[in-house]
$ cat coords_22.pdb   # PDB, C-alpha atoms and all ligand atoms
ATOM      1  CA  MET S   1      14.922   8.646 -10.710
ATOM      2  CA  ASP S   2      11.895  10.868 -10.179
ATOM      3  CA  PRO S   3      12.716  14.483  -9.185
ATOM      4  CA  LEU S   4       9.523  14.566  -7.134
ATOM      5  CA  PHE S   5      10.713  11.587  -5.090
ATOM      6  CA  GLU S   6      14.144  13.159  -4.576
ATOM      7  CA  GLN S   7      12.518  15.992  -2.635
ATOM      8  CA  GLY S   8      10.070  14.045  -0.546
ATOM      9  CA  VAL S   9       9.457  11.646   2.309
ATOM     10  CA  ALA S  10       7.835   8.241   1.726
ATOM     11  CA  LEU S  11       5.920   6.241   4.331
ATOM     12  CA  ILE S  12       5.144   2.600   3.523
ATOM     13  CA  THR S  13       3.030   0.203   5.624
ATOM     14  CA  GLY S  14       3.453  -3.548   5.397
ATOM     15  CA  ALA S  15       7.047  -2.723   4.450
ATOM     16  CA  GLY S  16       8.516  -5.858   5.996
ATOM     17  CA  SER S  17       7.448  -8.397   3.384
ATOM     18  CA  GLY S  18       6.268  -9.097  -0.158
ATOM     19  CA  ILE S  19       4.789  -6.165  -2.059
ATOM     20  CA  GLY S  20       5.507  -3.578   0.664
ATOM     21  CA  GLN S  21       9.173  -4.540   0.726
ATOM     22  CA  GLN S  22       9.371  -3.904  -3.023
ATOM     23  CA  ILE S  23       7.470  -0.596  -2.781
ATOM     24  CA  SER S  24       9.997   0.508  -0.134
ATOM     25  CA  ARG S  25      12.926  -0.619  -2.288
ATOM     26  CA  TYR S  26      11.564   1.178  -5.341
ATOM     27  CA  PHE S  27      11.007   4.490  -3.564
ATOM     28  CA  ALA S  28      14.717   4.382  -2.666
ATOM     29  CA  LEU S  29      15.792   3.231  -6.134
ATOM     30  CA  ARG S  30      13.755   6.046  -7.730
ATOM     31  CA  GLY S  31      15.544   8.668  -5.663
ATOM     32  CA  CYS S  32      13.673   9.065  -2.376
ATOM     33  CA  LYS S  33      16.211  10.017   0.307
ATOM     34  CA  LYS S  34      13.937   9.533   3.334
ATOM     35  CA  VAL S  35      11.816   6.429   3.776
ATOM     36  CA  PHE S  36       9.748   5.591   6.840
ATOM     37  CA  LEU S  37       9.050   1.866   6.956
ATOM     38  CA  VAL S  38       6.125   0.516   8.959
ATOM     39  CA  ASP S  39       5.109  -3.025   9.850
ATOM     40  CA  LEU S  40       4.001  -5.235  12.727
ATOM     41  CA  SER S  41       7.101  -7.337  12.168
ATOM     42  CA  THR S  42      10.402  -5.784  13.291
ATOM     43  CA  LYS S  43      12.296  -8.689  11.711
ATOM     44  CA  GLY S  44      10.726  -7.921   8.331
ATOM     45  CA  LEU S  45      11.455  -4.218   8.720
ATOM     46  CA  GLU S  46      15.124  -4.916   9.437
ATOM     47  CA  GLU S  47      15.334  -7.145   6.369
ATOM     48  CA  THR S  48      13.934  -4.358   4.173
ATOM     49  CA  ARG S  49      16.293  -1.801   5.726
ATOM     50  CA  ASN S  50      19.272  -4.073   4.963
ATOM     51  CA  ILE S  51      18.228  -4.319   1.317
ATOM     52  CA  ILE S  52      17.853  -0.533   0.982
ATOM     53  CA  ASN S  53      21.114   0.154   2.821
ATOM     54  CA  SER S  54      23.046  -2.051   0.406
ATOM     55  CA  GLU S  55      21.275  -0.906  -2.796
ATOM     56  CA  SER S  56      20.586   2.764  -2.041
ATOM     57  CA  PRO S  57      23.088   3.965   0.574
ATOM     58  CA  ALA S  58      22.053   7.619   0.082
ATOM     59  CA  THR S  59      18.571   6.837   1.427
ATOM     60  CA  HIS S  60      17.951   7.312   5.138
ATOM     61  CA  VAL S  61      15.669   4.635   6.594
ATOM     62  CA  THR S  62      13.549   4.788   9.761
ATOM     63  CA  LEU S  63      11.666   1.776  11.092
ATOM     64  CA  GLN S  64       8.428   1.900  13.057
ATOM     65  CA  GLN S  65       6.510  -1.031  14.512
ATOM     66  CA  THR S  66       2.822  -0.222  14.035
ATOM     67  CA  ASP S  67      -0.476  -2.059  14.033
ATOM     68  CA  VAL S  68      -2.469  -0.304  11.306
ATOM     69  CA  SER S  69      -5.732  -1.522  12.843
ATOM     70  CA  ASN S  70      -5.047   0.383  16.071
ATOM     71  CA  ASN S  71      -5.951   4.072  16.294
ATOM     72  CA  GLU S  72      -3.241   5.074  18.776
ATOM     73  CA  SER S  73      -0.609   3.080  16.900
ATOM     74  CA  VAL S  74      -1.372   4.798  13.556
ATOM     75  CA  LYS S  75      -1.536   8.215  15.187
ATOM     76  CA  GLU S  76       1.902   7.557  16.685
ATOM     77  CA  MET S  77       3.208   6.318  13.305
ATOM     78  CA  VAL S  78       2.417   9.672  11.675
ATOM     79  CA  ARG S  79       3.650  11.670  14.662
ATOM     80  CA  LYS S  80       6.962   9.810  14.601
ATOM     81  CA  CYS S  81       7.443  10.211  10.839
ATOM     82  CA  VAL S  82       6.880  13.955  11.144
ATOM     83  CA  GLU S  83       9.197  14.141  14.156
ATOM     84  CA  VAL S  84      11.986  12.390  12.223
ATOM     85  CA  TYR S  85      11.505  13.765   8.695
ATOM     86  CA  GLY S  86       9.245  16.805   9.115
ATOM     87  CA  ARG S  87       6.577  15.766   6.602
ATOM     88  CA  ILE S  88       4.931  12.946   4.587
ATOM     89  CA  ASP S  89       4.790  13.363   0.818
ATOM     90  CA  PHE S  90       4.114   9.818  -0.382
ATOM     91  CA  ALA S  91       2.148   7.287   1.624
ATOM     92  CA  ALA S  92       1.753   3.701   0.451
ATOM     93  CA  ASN S  93      -0.867   2.034   2.645
ATOM     94  CA  ASN S  94      -0.109  -1.536   1.793
ATOM     95  CA  ALA S  95      -0.404  -3.593   5.006
ATOM     96  CA  GLY S  96      -3.075  -6.244   4.744
ATOM     97  CA  ILE S  97      -4.000  -9.751   5.755
ATOM     98  CA  ALA S  98      -5.724 -12.578   3.916
ATOM     99  CA  THR S  99      -8.267 -15.142   4.983
ATOM    100  CA  PRO S 100      -8.578 -18.759   3.919
ATOM    101  CA  ASN S 101     -11.459 -19.770   1.662
ATOM    102  CA  ILE S 102     -14.365 -20.039   4.112
ATOM    103  CA  LYS S 103     -18.086 -19.586   3.481
ATOM    104  CA  THR S 104     -19.920 -16.964   5.525
ATOM    105  CA  ALA S 105     -21.897 -19.441   7.650
ATOM    106  CA  ASP S 106     -18.671 -21.216   8.637
ATOM    107  CA  MET S 107     -16.601 -18.110   9.348
ATOM    108  CA  GLU S 108     -15.897 -17.108  12.920
ATOM    109  CA  VAL S 109     -16.931 -13.527  13.587
ATOM    110  CA  LYS S 110     -13.517 -12.729  15.036
ATOM    111  CA  MET S 111     -11.918 -13.620  11.691
ATOM    112  CA  PHE S 112     -14.279 -11.248   9.904
ATOM    113  CA  ASP S 113     -13.548  -8.532  12.464
ATOM    114  CA  ARG S 114      -9.771  -8.942  12.256
ATOM    115  CA  THR S 115      -9.755  -8.886   8.442
ATOM    116  CA  CYS S 116     -11.888  -5.754   8.285
ATOM    117  CA  ASN S 117      -9.942  -4.090  11.101
ATOM    118  CA  VAL S 118      -6.618  -4.466   9.298
ATOM    119  CA  ASN S 119      -7.670  -4.166   5.650
ATOM    120  CA  MET S 120     -10.466  -1.595   5.880
ATOM    121  CA  LYS S 121     -10.220   0.278   9.180
ATOM    122  CA  GLY S 122      -6.424   0.280   8.730
ATOM    123  CA  ILE S 123      -6.836   2.242   5.483
ATOM    124  CA  HIS S 124      -9.262   4.664   7.117
ATOM    125  CA  LEU S 125      -6.876   5.310  10.039
ATOM    126  CA  CYS S 126      -3.887   5.774   7.731
ATOM    127  CA  HIS S 127      -5.875   8.198   5.547
ATOM    128  CA  LYS S 128      -7.109  10.099   8.586
ATOM    129  CA  TYR S 129      -3.708  10.869  10.081
ATOM    130  CA  GLU S 130      -1.747  11.098   6.812
ATOM    131  CA  ILE S 131      -4.260  13.561   5.344
ATOM    132  CA  GLU S 132      -4.314  15.558   8.589
ATOM    133  CA  GLN S 133      -0.531  15.939   8.258
ATOM    134  CA  MET S 134      -0.533  16.628   4.512
ATOM    135  CA  LEU S 135      -3.081  19.428   4.955
ATOM    136  CA  GLN S 136      -0.655  21.178   7.299
ATOM    137  CA  GLN S 137       2.425  21.048   5.074
ATOM    138  CA  GLU S 138       3.497  23.222   2.171
ATOM    139  CA  PRO S 139       3.535  21.515  -1.237
ATOM    140  CA  LEU S 140       6.915  20.371  -2.542
ATOM    141  CA  PRO S 141       8.565  23.125  -4.612
ATOM    142  CA  VAL S 142       7.367  23.339  -8.210
ATOM    143  CA  TYR S 143      10.043  23.144 -10.858
ATOM    144  CA  ASN S 144      10.283  22.164 -14.519
ATOM    145  CA  ASP S 145       6.817  21.016 -15.496
ATOM    146  CA  TYR S 146       5.890  19.330 -12.235
ATOM    147  CA  ARG S 147       2.728  20.540 -10.571
ATOM    148  CA  ALA S 148       2.747  21.261  -6.880
ATOM    149  CA  VAL S 149       1.168  18.463  -4.918
ATOM    150  CA  ARG S 150       0.636  18.520  -1.213
ATOM    151  CA  GLY S 151       0.813  14.762  -0.975
ATOM    152  CA  SER S 152       0.069  11.445  -2.642
ATOM    153  CA  ILE S 153      -1.517   8.369  -1.092
ATOM    154  CA  VAL S 154      -1.643   4.959  -2.758
ATOM    155  CA  ASP S 155      -3.602   2.150  -1.095
ATOM    156  CA  THR S 156      -3.027  -1.499  -1.919
ATOM    157  CA  ALA S 157      -6.455  -2.927  -2.735
ATOM    158  CA  SER S 158      -6.709  -6.092  -4.853
ATOM    159  CA  MET S 159      -8.473  -7.463  -7.871
ATOM    160  CA  CYS S 160     -10.704  -8.837  -5.068
ATOM    161  CA  GLY S 161     -11.751  -5.214  -4.625
ATOM    162  CA  ARG S 162     -13.264  -5.294  -8.096
ATOM    163  CA  ALA S 163     -14.698  -8.809  -8.368
ATOM    164  CA  VAL S 164     -15.715 -11.760  -6.226
ATOM    165  CA  LEU S 165     -12.998 -14.381  -6.294
ATOM    166  CA  GLY S 166     -12.880 -17.654  -4.375
ATOM    167  CA  THR S 167     -14.860 -17.821  -1.139
ATOM    168  CA  LEU S 168     -13.480 -14.842   0.707
ATOM    169  CA  PRO S 169     -16.371 -12.891   2.217
ATOM    170  CA  ALA S 170     -14.202 -10.882   4.610
ATOM    171  CA  TYR S 171     -11.225 -10.335   2.303
ATOM    172  CA  ASN S 172     -13.359  -9.536  -0.741
ATOM    173  CA  SER S 173     -15.567  -7.053   1.052
ATOM    174  CA  SER S 174     -12.634  -5.421   2.862
ATOM    175  CA  LYS S 175     -10.857  -4.840  -0.457
ATOM    176  CA  HIS S 176     -14.027  -3.434  -2.064
ATOM    177  CA  ALA S 177     -14.093  -1.077   0.914
ATOM    178  CA  VAL S 178     -10.485   0.000   0.256
ATOM    179  CA  ILE S 179     -11.468   1.187  -3.228
ATOM    180  CA  SER S 180     -14.508   2.942  -1.837
ATOM    181  CA  LEU S 181     -12.522   4.726   0.905
ATOM    182  CA  MET S 182      -9.933   5.723  -1.675
ATOM    183  CA  ARG S 183     -12.576   7.243  -3.990
ATOM    184  CA  VAL S 184     -14.451   9.062  -1.234
ATOM    185  CA  ASP S 185     -11.264  10.651   0.097
ATOM    186  CA  ALA S 186      -9.849  11.352  -3.378
ATOM    187  CA  ARG S 187     -12.944  13.492  -4.084
ATOM    188  CA  GLN S 188     -12.854  15.175  -0.697
ATOM    189  CA  TYR S 189      -9.208  16.203  -0.793
ATOM    190  CA  ALA S 190      -8.483  16.802  -4.492
ATOM    191  CA  LYS S 191      -8.935  20.549  -4.096
ATOM    192  CA  ASP S 192      -6.338  20.498  -1.296
ATOM    193  CA  GLY S 193      -3.716  19.020  -3.631
ATOM    194  CA  ILE S 194      -3.816  15.539  -2.152
ATOM    195  CA  ARG S 195      -4.019  12.749  -4.703
ATOM    196  CA  ILE S 196      -5.352   9.368  -3.551
ATOM    197  CA  ASN S 197      -5.295   6.232  -5.689
ATOM    198  CA  ALA S 198      -5.214   2.464  -5.306
ATOM    199  CA  VAL S 199      -3.276  -0.331  -6.894
ATOM    200  CA  CYS S 200      -5.094  -3.638  -7.458
ATOM    201  CA  PRO S 201      -2.673  -6.548  -7.683
ATOM    202  CA  GLY S 202      -3.629  -9.854  -9.226
ATOM    203  CA  PHE S 203      -2.031 -13.012  -7.849
ATOM    204  CA  VAL S 204       1.405 -12.138  -6.507
ATOM    205  CA  ASP S 205       3.658 -14.888  -5.217
ATOM    206  CA  THR S 206       4.396 -13.490  -1.746
ATOM    207  CA  PRO S 207       4.418 -15.043   1.742
ATOM    208  CA  MET S 208       0.728 -14.062   2.006
ATOM    209  CA  MET S 209      -0.264 -16.171  -0.956
ATOM    210  CA  ARG S 210       1.826 -19.058   0.293
ATOM    211  CA  SER S 211       0.241 -18.999   3.766
ATOM    212  CA  ASP S 212      -3.483 -19.374   4.133
ATOM    213  CA  PHE S 213      -4.818 -17.191   1.348
ATOM    214  CA  LEU S 214      -5.148 -20.023  -1.135
ATOM    215  CA  SER S 215      -4.802 -23.804  -1.154
ATOM    216  CA  GLU S 216      -2.195 -25.417  -3.443
ATOM    217  CA  GLU S 217      -5.036 -26.297  -5.797
ATOM    218  CA  HIS S 218      -6.158 -22.678  -5.950
ATOM    219  CA  ILE S 219      -2.595 -21.472  -6.480
ATOM    220  CA  LYS S 220      -2.350 -23.631  -9.606
ATOM    221  CA  GLY S 221      -5.726 -22.305 -10.793
ATOM    222  CA  ALA S 222      -4.691 -18.741  -9.998
ATOM    223  CA  LYS S 223      -1.806 -18.798 -12.442
ATOM    224  CA  ALA S 224      -4.092 -20.122 -15.164
ATOM    225  CA  GLN S 225      -6.513 -17.201 -14.600
ATOM    226  CA  SER S 226      -3.960 -14.859 -16.119
ATOM    227  CA  PRO S 227      -4.098 -14.810 -19.938
ATOM    228  CA  MET S 228      -0.339 -14.281 -19.638
ATOM    229  CA  ASN S 229      -0.364 -17.562 -17.683
ATOM    230  CA  ARG S 230       1.765 -16.161 -14.888
ATOM    231  CA  PHE S 231       1.728 -14.520 -11.498
ATOM    232  CA  VAL S 232       2.433 -10.842 -11.058
ATOM    233  CA  ASP S 233       5.833 -10.095  -9.586
ATOM    234  CA  SER S 234       5.818  -7.890  -6.484
ATOM    235  CA  THR S 235       8.242  -5.517  -8.255
ATOM    236  CA  GLU S 236       5.586  -4.961 -10.939
ATOM    237  CA  VAL S 237       3.090  -3.858  -8.283
ATOM    238  CA  ALA S 238       5.757  -1.557  -6.829
ATOM    239  CA  LYS S 239       6.238   0.033 -10.255
ATOM    240  CA  GLY S 240       2.480   0.701 -10.403
ATOM    241  CA  VAL S 241       2.739   2.451  -7.038
ATOM    242  CA  MET S 242       5.711   4.483  -8.340
ATOM    243  CA  PHE S 243       3.614   5.640 -11.309
ATOM    244  CA  LEU S 244       0.647   6.644  -9.138
ATOM    245  CA  SER S 245       2.879   8.395  -6.571
ATOM    246  CA  GLY S 246       5.194  10.173  -8.947
ATOM    247  CA  SER S 247       5.474  13.106 -11.306
ATOM    248  CA  ALA S 248       3.947  11.183 -14.240
ATOM    249  CA  ALA S 249       0.582  11.024 -12.452
ATOM    250  CA  THR S 250       0.010  14.573 -11.187
ATOM    251  CA  ALA S 251      -3.480  14.606 -12.767
ATOM    252  CA  VAL S 252      -4.404  11.112 -11.568
ATOM    253  CA  THR S 253      -6.627  10.771  -8.513
ATOM    254  CA  GLY S 254      -9.420   8.405  -7.506
ATOM    255  CA  THR S 255      -8.242   5.623  -9.775
ATOM    256  CA  ASP S 256      -7.747   1.915  -9.093
ATOM    257  CA  LEU S 257      -4.932   0.618 -11.254
ATOM    258  CA  MET S 258      -5.076  -3.080 -12.088
ATOM    259  CA  VAL S 259      -1.684  -4.820 -12.036
ATOM    260  CA  ASP S 260      -3.006  -8.331 -12.562
ATOM    261  CA  ALA S 261      -1.388  -9.864 -15.665
ATOM    262  CA  GLY S 262      -4.820  -9.602 -17.262
ATOM    263  CA  ALA S 263      -6.598 -11.870 -14.759
ATOM    264  CA  MET S 264      -9.586  -9.535 -14.476
ATOM    265  CA  THR S 265     -10.339  -9.820 -18.194
ATOM    266  CA  PHE S 266     -12.257 -12.966 -17.215
ATOM    267  CA  HIS S 267     -14.657 -11.029 -14.971
TER     268      HIS S 267
HETATM  269  P1  LIG T 301       2.712 -10.234   2.947
HETATM  270  O1  LIG T 301       2.036 -11.078   3.962
HETATM  271  O2  LIG T 301       3.927 -10.741   2.265
HETATM  272  O3  LIG T 301       3.025  -8.788   3.571
HETATM  273  C1  LIG T 301       2.085  -8.103   4.356
HETATM  274  C2  LIG T 301       2.826  -7.310   5.411
HETATM  275  O4  LIG T 301       1.863  -6.578   6.162
HETATM  276  C3  LIG T 301       3.582  -8.206   6.405
HETATM  277  O5  LIG T 301       4.916  -7.745   6.553
HETATM  278  C4  LIG T 301       2.799  -8.071   7.690
HETATM  279  O6  LIG T 301       3.605  -8.167   8.867
HETATM  280  C5  LIG T 301       2.202  -6.676   7.532
HETATM  281  N1  LIG T 301       1.014  -6.517   8.364
HETATM  282  C6  LIG T 301      -0.012  -7.377   8.523
HETATM  283  N2  LIG T 301      -0.900  -6.894   9.392
HETATM  284  C7  LIG T 301      -0.423  -5.694   9.791
HETATM  285  C8  LIG T 301      -0.888  -4.718  10.703
HETATM  286  N3  LIG T 301      -2.033  -4.895  11.397
HETATM  287  N4  LIG T 301      -0.162  -3.598  10.884
HETATM  288  C9  LIG T 301       1.003  -3.406  10.206
HETATM  289  N5  LIG T 301       1.505  -4.313   9.345
HETATM  290  C10 LIG T 301       0.801  -5.443   9.147
HETATM  291  O7  LIG T 301       1.577  -9.917   1.872
HETATM  292  P2  LIG T 301       1.630  -9.234   0.427
HETATM  293  O8  LIG T 301       1.198 -10.256  -0.540
HETATM  294  O9  LIG T 301       2.879  -8.484   0.205
HETATM  295  O10 LIG T 301       0.393  -8.228   0.593
HETATM  296  C11 LIG T 301       0.538  -6.820   0.640
HETATM  297  C12 LIG T 301      -0.796  -6.198   0.263
HETATM  298  O11 LIG T 301      -1.139  -6.611  -1.054
HETATM  299  C13 LIG T 301      -1.961  -6.617   1.160
HETATM  300  O12 LIG T 301      -2.792  -5.498   1.394
HETATM  301  C14 LIG T 301      -2.684  -7.655   0.321
HETATM  302  O13 LIG T 301      -4.039  -7.763   0.664
HETATM  303  C15 LIG T 301      -2.469  -7.104  -1.064
HETATM  304  N6  LIG T 301      -2.612  -8.073  -2.145
HETATM  305  C16 LIG T 301      -1.823  -9.177  -2.213
HETATM  306  C17 LIG T 301      -2.007 -10.065  -3.263
HETATM  307  C18 LIG T 301      -1.175 -11.322  -3.422
HETATM  308  O14 LIG T 301      -1.507 -12.153  -4.283
HETATM  309  N7  LIG T 301      -0.108 -11.500  -2.661
HETATM  310  C19 LIG T 301      -2.994  -9.826  -4.236
HETATM  311  C20 LIG T 301      -3.766  -8.686  -4.127
HETATM  312  C21 LIG T 301      -3.575  -7.796  -3.081
END

$ encode --input "coords_22.pdb" --output "structure tokens" --more "lines below"
Ligand code: NAD
Amino acid sequence: MDPLFEQGVALITGAGSGIGQQISRYFALRGCKKVFLVDLSTKGLEETRNIINSESPATHVTLQQTDVSNNESVKEMVRKCVEVYGRIDFAANNAGIATPNIKTADMEVKMFDRTCNVNMKGIHLCHKYEIEQMLQQEPLPVYNDYRAVRGSIVDTASMCGRAVLGTLPAYNSSKHAVISLMRVDARQYAKDGIRINAVCPGFVDTPMMRSDFLSEEHIKGAKAQSPMNRFVDSTEVAKGVMFLSGSAATAVTGTDLMVDAGAMTFH
């Protein structure tokens, strides 16, 4: 339990699957009483709500279908969260899509556009409306040794935001952009009490990885890239997000936390 979480409202995008489902679960398990779950997939959102309802019955859950690449949709997401819960204290901007391994000359422009629209523009839109809201709200009450914070944002980047892996021109560049957007906004809004950080997962065995992100051959190679010789579990990424969002990290902003089972030690 984190006393900071017990007071606040968490908004999670990409909450219907994989890492986002675990981030949502962990906010509830760590004491958050109001969680606003966002995804394109209503089926995924309902699955996550069922998990939280059975594990954390004291947590109230609201679902919102949103396309993070669409300006009006993201604006409505924030408006709805504020209408239901009055504020946003913790945002986890986790929704993202992957691309198959394709060289630049062979990639259709619409694939590049879609990847950047969801992974990069989606982060910009979420920042824009979440920050706009956070600037308007009073910080959570200060007690014990917790500093007042007006809000915390954690973006899901990737180790692909730090290094070039595979042949993923759109995915790699979009994730580099996530780290850049995070840093720019962390500097801009630090004085306002808004902390902004990113988590950089290594290879996590989620539906994304099993779809078109990597071939079977790459999946085998991916595991071997970790000196621990294993994938990261999505709960381990969620715990990284809990650290960055919570009362243990009140002086942490503008950082990109690797949760990669050591895979990046090779780069
Ligand atoms: P996932 O496919 O299991 O989950 C992604 C979720 O995002 C899905 O529920 C999907 O419906 C949702 N989504 C996709 N586009 C959306 C949109 N436009 N608007 C709203 N929701 C949308 O994938 P995951 O592995 O859990 O990935 C989560 C995040 O972690 C992504 O940003 C991904 O790039 C990143 N990541 C994943 C890995 C990995 O190995 N799985 C590694 C590094 C980073």

$ residues_near_ligand --input "coords_22.pdb" --ligand "ligand LIG 301 (chain T)" --cutoff "8 Å" --atoms "only C-alpha atoms and all ligand atoms" --output "MDAnalysis selection string"
chainID S and resid 13:21 38:41 44:45 65:70 93:98 117:119 122 156:160 171 175 200:209 232 234

$ closest_residue --input "coords_22.pdb" --among "S:Ala249, S:Met258, S:Met242, S:Leu165" --to "S:Ala28" --atoms "only C-alpha atoms"
S:Met242

$ atom_distance --input "coords_22.pdb" --atom1 "atom CA of S:Ser73" --atom2 "atom CA of S:Phe36"
14.7 Å

$ resolve_selection --input "coords_22.pdb" --expression "the PyMOL selection byres (((chain S and resi 100) around 10) and not hetatm)" --output "PyMOL selection string"
chain S and resi 98-99+101-103+107+111+166-171+209+211-215

$ atom_distance --input "coords_22.pdb" --atom1 "atom CA of S:Thr255" --atom2 "atom CA of S:Val149"
16.6 Å

$ atom_distance --input "coords_22.pdb" --atom1 "atom CA of S:Thr62" --atom2 "atom CA of S:Tyr26"
15.7 Å

$ resolve_selection --input "coords_22.pdb" --expression "the PyMOL selection byres (((chain S and resi 226) around 9) and not hetatm)" --output "list in words"
Gly202, Phe203, Ala222, Lys223, Ala224, Gln225, Pro227, Met228, Asn229, Arg230, Phe231, Asp260, Ala261, Gly262, Ala263, Met264, Thr265 and Phe266 of chain S

$ decode --input "coords_22.pdb" --residues "stretch 174-188 of chain S" --atoms "N, CA, C and O atoms" --output "short mmCIF file (atom, residue, chain, number, x, y, z; two decimals), in the first residue's frame"
data_model
loop_
_atom_site.label_atom_id
_atom_site.label_comp_id
_atom_site.auth_asym_id
_atom_site.auth_seq_id
_atom_site.Cartn_x
_atom_site.Cartn_y
_atom_site.Cartn_z
N SER S 174 9.68 5.87 -32.88
CA SER S 174 8.56 6.35 -32.06
C SER S 174 8.88 6.22 -30.57
O SER S 174 8.50 7.07 -29.77
N LYS S 175 9.60 5.18 -30.20
CA LYS S 175 9.93 5.00 -28.78
C LYS S 175 11.06 5.93 -28.34
O LYS S 175 11.11 6.37 -27.18
N HIS S 176 12.00 6.25 -29.26
CA HIS S 176 12.97 7.31 -28.93
C HIS S 176 12.23 8.62 -28.68
O HIS S 176 12.58 9.38 -27.78
N ALA S 177 11.19 8.85 -29.49
CA ALA S 177 10.42 10.09 -29.35
C ALA S 177 9.68 10.13 -28.00
O ALA S 177 9.54 11.20 -27.40
N VAL S 178 9.22 8.98 -27.53
CA VAL S 178 8.53 8.95 -26.22
C VAL S 178 9.47 9.47 -25.14
O VAL S 178 9.09 10.30 -24.30
N ILE S 179 10.72 9.01 -25.16
CA ILE S 179 11.68 9.44 -24.13
C ILE S 179 11.96 10.94 -24.27
O ILE S 179 12.04 11.67 -23.29
N SER S 180 12.03 11.38 -25.50
CA SER S 180 12.28 12.81 -25.74
C SER S 180 11.11 13.67 -25.25
O SER S 180 11.31 14.68 -24.55
N LEU S 181 9.89 13.26 -25.59
CA LEU S 181 8.70 14.01 -25.13
C LEU S 181 8.65 14.03 -23.60
O LEU S 181 8.30 15.04 -22.98
N MET S 182 8.96 12.89 -23.01
CA MET S 182 8.95 12.79 -21.55
C MET S 182 9.93 13.79 -20.93
O MET S 182 9.60 14.53 -20.01
N ARG S 183 11.16 13.84 -21.50
CA ARG S 183 12.19 14.73 -20.92
C ARG S 183 11.82 16.20 -21.10
O ARG S 183 11.99 17.01 -20.19
N VAL S 184 11.37 16.53 -22.30
CA VAL S 184 11.01 17.93 -22.59
C VAL S 184 9.94 18.39 -21.59
O VAL S 184 10.05 19.44 -20.95
N ASP S 185 8.89 17.56 -21.43
CA ASP S 185 7.79 17.97 -20.56
C ASP S 185 8.16 17.88 -19.08
O ASP S 185 7.67 18.67 -18.27
N ALA S 186 9.03 16.94 -18.74
CA ALA S 186 9.49 16.86 -17.33
C ALA S 186 10.18 18.16 -16.94
O ALA S 186 9.97 18.70 -15.86
N ARG S 187 11.01 18.70 -17.83
CA ARG S 187 11.70 19.98 -17.55
C ARG S 187 10.71 21.13 -17.47
O ARG S 187 10.80 21.98 -16.59
N GLN S 188 9.76 21.13 -18.41
CA GLN S 188 8.82 22.25 -18.49
C GLN S 188 7.92 22.33 -17.26
O GLN S 188 7.56 23.42 -16.83
#
